[in-house]
Amino acid sequence: MYYRLQINKILAIFLLLLINGGCSSGKGEPSSNDLNNVNQIIAIKDGVAPEKILKYIYKNANTLGVCEGEIDTNAAQEFSKIYSVGQGRYLVEVLCFLGAYQGNYEYFLYKRKGSEVVLKPLGFDIFEVDDAGKIKKEQSHSIGGLTEFIPEKQELTILIKYRGLGDCGALAKYQWQQEEFKLLEYRIKEKCDGIYLEPEQYSRIYP
């Protein structure tokens with residue numbers, strides 16, 4: 001099952017946290033941001049090659065507005081990834097920082113536009129539970145969770161833990177289509193009741 005496949009990733013994250021001296025309080029929670037500027041293209045005038053794009057992002061996070069300039073460089077270099085999603089196009093997965101039990105990520109489309117190389121911030125449809133217990137749909141540019149992108153399927157799965165015990169949270173699946181992520185499935189287990197379920201058994205919210 002998906003959750004079990006994340007064990008090695010979780011252990012690696014915990015090991016890195018121990019090396020760095022502990023966890024960052026509150027940083028692992030899912031973040032919902034206003035996406036008024038999510039389609040803004042970030043031009044990289046000096047034409048960075050794909051294999052060097054992550055290093056470029058770490059160095060210029062403040063200028064590019066990536067992760068709002070807050071990148072844990074050591075963790076980012078360990079866990080950020082880049083995937084080919086078509087000729088001359090790459091999906092850039094940037095780990096902004098590690099929280100107590102999961103990471104916070106931002107995603108970008110890297111491609112050439114004429115003579116320029118550009119980064120396009122990518123958004124996600126998500127569902128959140130408000131204080132009244134109602135589930136509402138939002139869009140977010142950053143997303144917290146345990147991630148897995150399968151290049152062969154062009155599919156991204158994100159397991160979002162509401163707390164470290166893992167007895168509540170959300171499971172989201174997205175398909176890469178026409179230079180953006182389309183929501184395939186979203187499941188939520190709202191109650192943190194100490195009862196563990198496989199994420200695939202959470203209540204289906206979408207579709």
# chains A, B, ... in the order shown; residues from 1 in each chain; ligands from 1
$ closest_atom_pairs --of "region 106-132 of chain A" --to "region 62-65 of chain A" --cutoff "12 Å" --atoms "only C-alpha atoms" --output "JSON lines"
{"residue": "A:Glu106", "atom": "CA", "partner": "A:Gly65", "partner_atom": "CA", "distance": 11.0}
{"residue": "A:Phe108", "atom": "CA", "partner": "A:Leu64", "partner_atom": "CA", "distance": 11.6}
{"residue": "A:Val118", "atom": "CA", "partner": "A:Leu64", "partner_atom": "CA", "distance": 10.7}
{"residue": "A:Leu119", "atom": "CA", "partner": "A:Leu64", "partner_atom": "CA", "distance": 9.1}
{"residue": "A:Lys120", "atom": "CA", "partner": "A:Leu64", "partner_atom": "CA", "distance": 10.8}
{"residue": "A:Pro121", "atom": "CA", "partner": "A:Gly65", "partner_atom": "CA", "distance": 10.0}
$ select_by_dssp --residues "region 114-150 of chain A" --states "strand (DSSP E)" --output "list in words"
Glu116, Val117, Val118, Leu119, Lys120, Pro121, Phe124, Asp125, Ile126, Phe127, Glu128, Val129, Ile135, Lys136, Lys137, Glu138, Gln139, Ser140, Ser142, Ile143, Gly144, Gly145, Leu146, Thr147, Glu148, Phe149 and Ile150 of chain A
$ closest_atom_pairs --of "region 52-140 of chain A" --to "region 145-151 of chain A" --cutoff "7 Å" --atoms "only C-alpha atoms" --output "tab-separated table"
residue	atom	partner	partner_atom	distance
A:Gln102	CA	A:Gly145	CA	5.2
A:Gly103	CA	A:Gly145	CA	5.6
A:Asn104	CA	A:Gly145	CA	6.4
$ select_by_dssp --residues "region 22-205 of chain A" --states "alpha helix (DSSP H)" --output "ChimeraX atom specification"
/A:53-59,61-64,73-79
$ residues_around --residues "region 153-157 of chain A" --least-positions-apart "5" --cutoff "6 Å" --atoms "only C-alpha atoms" --output "PyMOL selection string"
chain A and resi 147-148+172-176
$ closest_residue --among "A:Ala61, A:Leu98, A:Ile143, A:Leu91" --to "Ala75 (chain A)" --atoms "only C-alpha atoms"
A:Leu98
$ closest_residue --among "A:Ile126, A:Val92, A:Ile158, A:Ala132" --to "Tyr206 (chain A)" --atoms "only C-alpha atoms"
A:Ile126
$ residues_around --residues "Asn74 (chain A)" --least-positions-apart "2" --cutoff "10 Å" --atoms "only C-alpha atoms" --output "PDB file with all heavy atoms, in the first residue's frame"
ATOM      1  N   LEU A  16      17.512  12.961   8.877  1.00  0.00           N
ATOM      2  CA  LEU A  16      17.995  14.291   8.543  1.00  0.00           C
ATOM      3  C   LEU A  16      17.650  15.283   9.632  1.00  0.00           C
ATOM      4  O   LEU A  16      18.439  16.156   9.984  1.00  0.00           O
ATOM      5  CB  LEU A  16      17.390  14.750   7.207  1.00  0.00           C
ATOM      6  CG  LEU A  16      17.874  16.115   6.693  1.00  0.00           C
ATOM      7  CD1 LEU A  16      19.384  16.058   6.462  1.00  0.00           C
ATOM      8  CD2 LEU A  16      17.166  16.476   5.404  1.00  0.00           C
ATOM      9  N   ASN A  20      20.160  17.593  11.831  1.00  0.00           N
ATOM     10  CA  ASN A  20      20.025  19.053  11.886  1.00  0.00           C
ATOM     11  C   ASN A  20      19.664  19.556  13.267  1.00  0.00           C
ATOM     12  O   ASN A  20      19.480  20.753  13.466  1.00  0.00           O
ATOM     13  CB  ASN A  20      18.958  19.520  10.891  1.00  0.00           C
ATOM     14  CG  ASN A  20      19.443  19.372   9.474  1.00  0.00           C
ATOM     15  OD1 ASN A  20      20.640  19.300   9.235  1.00  0.00           O
ATOM     16  ND2 ASN A  20      18.518  19.309   8.525  1.00  0.00           N
ATOM     17  N   TYR A  58      18.027  27.218  -5.079  1.00  0.00           N
ATOM     18  CA  TYR A  58      18.492  27.382  -3.705  1.00  0.00           C
ATOM     19  C   TYR A  58      19.214  28.729  -3.536  1.00  0.00           C
ATOM     20  O   TYR A  58      19.012  29.437  -2.553  1.00  0.00           O
ATOM     21  CB  TYR A  58      19.474  26.273  -3.314  1.00  0.00           C
ATOM     22  CG  TYR A  58      18.991  24.874  -3.557  1.00  0.00           C
ATOM     23  CD1 TYR A  58      19.880  23.864  -3.930  1.00  0.00           C
ATOM     24  CD2 TYR A  58      17.649  24.527  -3.416  1.00  0.00           C
ATOM     25  CE1 TYR A  58      19.443  22.574  -4.157  1.00  0.00           C
ATOM     26  CE2 TYR A  58      17.208  23.239  -3.644  1.00  0.00           C
ATOM     27  CZ  TYR A  58      18.114  22.273  -4.022  1.00  0.00           C
ATOM     28  OH  TYR A  58      17.692  20.998  -4.263  1.00  0.00           O
ATOM     29  N   ILE A  71      13.970  28.568   2.546  1.00  0.00           N
ATOM     30  CA  ILE A  71      14.374  27.218   2.154  1.00  0.00           C
ATOM     31  C   ILE A  71      15.412  26.703   3.133  1.00  0.00           C
ATOM     32  O   ILE A  71      16.390  27.384   3.433  1.00  0.00           O
ATOM     33  CB  ILE A  71      14.955  27.200   0.725  1.00  0.00           C
ATOM     34  CG1 ILE A  71      13.859  27.443  -0.299  1.00  0.00           C
ATOM     35  CG2 ILE A  71      15.623  25.865   0.441  1.00  0.00           C
ATOM     36  CD1 ILE A  71      14.327  27.312  -1.737  1.00  0.00           C
ATOM     37  N   ASP A  72      15.158  25.506   3.649  1.00  0.00           N
ATOM     38  CA  ASP A  72      16.173  24.797   4.420  1.00  0.00           C
ATOM     39  C   ASP A  72      17.098  24.154   3.386  1.00  0.00           C
ATOM     40  O   ASP A  72      16.799  23.098   2.836  1.00  0.00           O
ATOM     41  CB  ASP A  72      15.505  23.737   5.299  1.00  0.00           C
ATOM     42  CG  ASP A  72      16.505  22.965   6.153  1.00  0.00           C
ATOM     43  OD1 ASP A  72      17.698  22.920   5.790  1.00  0.00           O
ATOM     44  OD2 ASP A  72      16.088  22.392   7.167  1.00  0.00           O
ATOM     45  N   ALA A  76      16.628  20.700   1.402  1.00  0.00           N
ATOM     46  CA  ALA A  76      16.222  20.853   0.005  1.00  0.00           C
ATOM     47  C   ALA A  76      17.160  20.118  -0.933  1.00  0.00           C
ATOM     48  O   ALA A  76      16.728  19.448  -1.876  1.00  0.00           O
ATOM     49  CB  ALA A  76      16.161  22.338  -0.359  1.00  0.00           C
ATOM     50  N   GLN A  77      18.440  20.222  -0.690  1.00  0.00           N
ATOM     51  CA  GLN A  77      19.401  19.544  -1.548  1.00  0.00           C
ATOM     52  C   GLN A  77      19.274  18.032  -1.437  1.00  0.00           C
ATOM     53  O   GLN A  77      19.552  17.306  -2.383  1.00  0.00           O
ATOM     54  CB  GLN A  77      20.817  19.987  -1.182  1.00  0.00           C
ATOM     55  CG  GLN A  77      21.115  21.435  -1.569  1.00  0.00           C
ATOM     56  CD  GLN A  77      22.523  21.863  -1.204  1.00  0.00           C
ATOM     57  OE1 GLN A  77      23.252  21.120  -0.564  1.00  0.00           O
ATOM     58  NE2 GLN A  77      22.896  23.059  -1.600  1.00  0.00           N
ATOM     59  N   GLU A  78      18.828  17.544  -0.284  1.00  0.00           N
ATOM     60  CA  GLU A  78      18.695  16.103  -0.075  1.00  0.00           C
ATOM     61  C   GLU A  78      17.438  15.540  -0.725  1.00  0.00           C
ATOM     62  O   GLU A  78      17.456  14.450  -1.302  1.00  0.00           O
ATOM     63  CB  GLU A  78      18.671  15.803   1.436  1.00  0.00           C
ATOM     64  CG  GLU A  78      18.524  14.334   1.793  1.00  0.00           C
ATOM     65  CD  GLU A  78      19.797  13.544   1.548  1.00  0.00           C
ATOM     66  OE1 GLU A  78      20.870  14.167   1.405  1.00  0.00           O
ATOM     67  OE2 GLU A  78      19.699  12.304   1.489  1.00  0.00           O
ATOM     68  N   PHE A  79      16.322  16.290  -0.668  1.00  0.00           N
ATOM     69  CA  PHE A  79      15.033  15.717  -1.031  1.00  0.00           C
ATOM     70  C   PHE A  79      14.350  16.352  -2.247  1.00  0.00           C
ATOM     71  O   PHE A  79      13.373  15.793  -2.745  1.00  0.00           O
ATOM     72  CB  PHE A  79      14.085  15.779   0.166  1.00  0.00           C
ATOM     73  CG  PHE A  79      14.517  14.916   1.321  1.00  0.00           C
ATOM     74  CD1 PHE A  79      15.071  15.481   2.447  1.00  0.00           C
ATOM     75  CD2 PHE A  79      14.396  13.534   1.256  1.00  0.00           C
ATOM     76  CE1 PHE A  79      15.480  14.692   3.516  1.00  0.00           C
ATOM     77  CE2 PHE A  79      14.798  12.737   2.320  1.00  0.00           C
ATOM     78  CZ  PHE A  79      15.351  13.310   3.457  1.00  0.00           C
ATOM     79  N   PHE A  97      10.996  23.089   3.402  1.00  0.00           N
ATOM     80  CA  PHE A  97      11.497  22.801   4.745  1.00  0.00           C
ATOM     81  C   PHE A  97      10.842  21.529   5.261  1.00  0.00           C
ATOM     82  O   PHE A  97       9.827  21.066   4.737  1.00  0.00           O
ATOM     83  CB  PHE A  97      11.221  23.962   5.713  1.00  0.00           C
ATOM     84  CG  PHE A  97       9.798  24.455   5.683  1.00  0.00           C
ATOM     85  CD1 PHE A  97       8.785  23.757   6.318  1.00  0.00           C
ATOM     86  CD2 PHE A  97       9.479  25.629   5.021  1.00  0.00           C
ATOM     87  CE1 PHE A  97       7.479  24.210   6.287  1.00  0.00           C
ATOM     88  CE2 PHE A  97       8.169  26.089   4.985  1.00  0.00           C
ATOM     89  CZ  PHE A  97       7.168  25.380   5.623  1.00  0.00           C
TER      90      PHE A  97
END
$ residues_around --residues "region 185-202 of chain A" --least-positions-apart "2" --cutoff "8 Å" --atoms "only C-alpha atoms" --output "list in words"
Met1, Tyr2, Tyr3, Ile126, Phe127, Val129, Leu159, Tyr162, Arg163, Leu165, Gly166, Asp167, Cys168, Gly169, Ala170, Leu171, Ala172, Lys173, Tyr174, Leu183, Arg204, Ile205, Tyr206 and Pro207 of chain A
$ write_last_selection --atoms "C-alpha atoms" --output "compact mmCIF listing (two decimals), in the first residue's frame"
# COMPACT_ATOMS: atom_id res chain seq x y z
CA MET A 1 0.00 0.00 0.00
CA TYR A 2 1.07 3.60 -0.54
CA TYR A 3 1.54 4.39 3.13
CA ILE A 126 -7.12 20.80 -2.15
CA PHE A 127 -9.85 20.33 0.44
CA VAL A 129 -11.83 21.28 7.08
CA LEU A 159 -0.21 11.79 1.85
CA TYR A 162 -2.81 15.99 10.28
CA ARG A 163 -0.65 14.88 13.20
CA LEU A 165 0.41 9.69 14.96
CA GLY A 166 -0.97 9.29 11.43
CA ASP A 167 -4.51 8.49 12.53
CA CYS A 168 -6.01 11.33 10.51
CA GLY A 169 -5.16 13.23 7.36
CA ALA A 170 -5.74 13.34 3.62
CA LEU A 171 -4.69 11.47 0.49
CA ALA A 172 -4.54 13.38 -2.79
CA LYS A 173 -3.75 12.13 -6.28
CA TYR A 174 -3.03 14.38 -9.27
CA LEU A 183 -7.00 16.48 -9.33
CA ARG A 204 -13.72 10.03 -0.64
CA ILE A 205 -14.25 13.78 -1.02
CA TYR A 206 -13.52 14.02 -4.76
CA PRO A 207 -14.73 13.00 -7.26
$ atom_distance --atom1 "CA of Arg112 (chain A)" --atom2 "CA of Glu138 (chain A)"
29.6 Å
$ atom_distance --atom1 "CA of Phe181 (chain A)" --atom2 "CA of Asp131 (chain A)"
27.8 Å
$ closest_residue --among "A:Glu70, A:Glu179, A:Glu93, A:Asp125" --to "Lys137 (chain A)" --atoms "only C-alpha atoms"
A:Asp125
$ atom_distance --atom1 "CA of Tyr56 (chain A)" --atom2 "CA of Tyr90 (chain A)"
14.6 Å
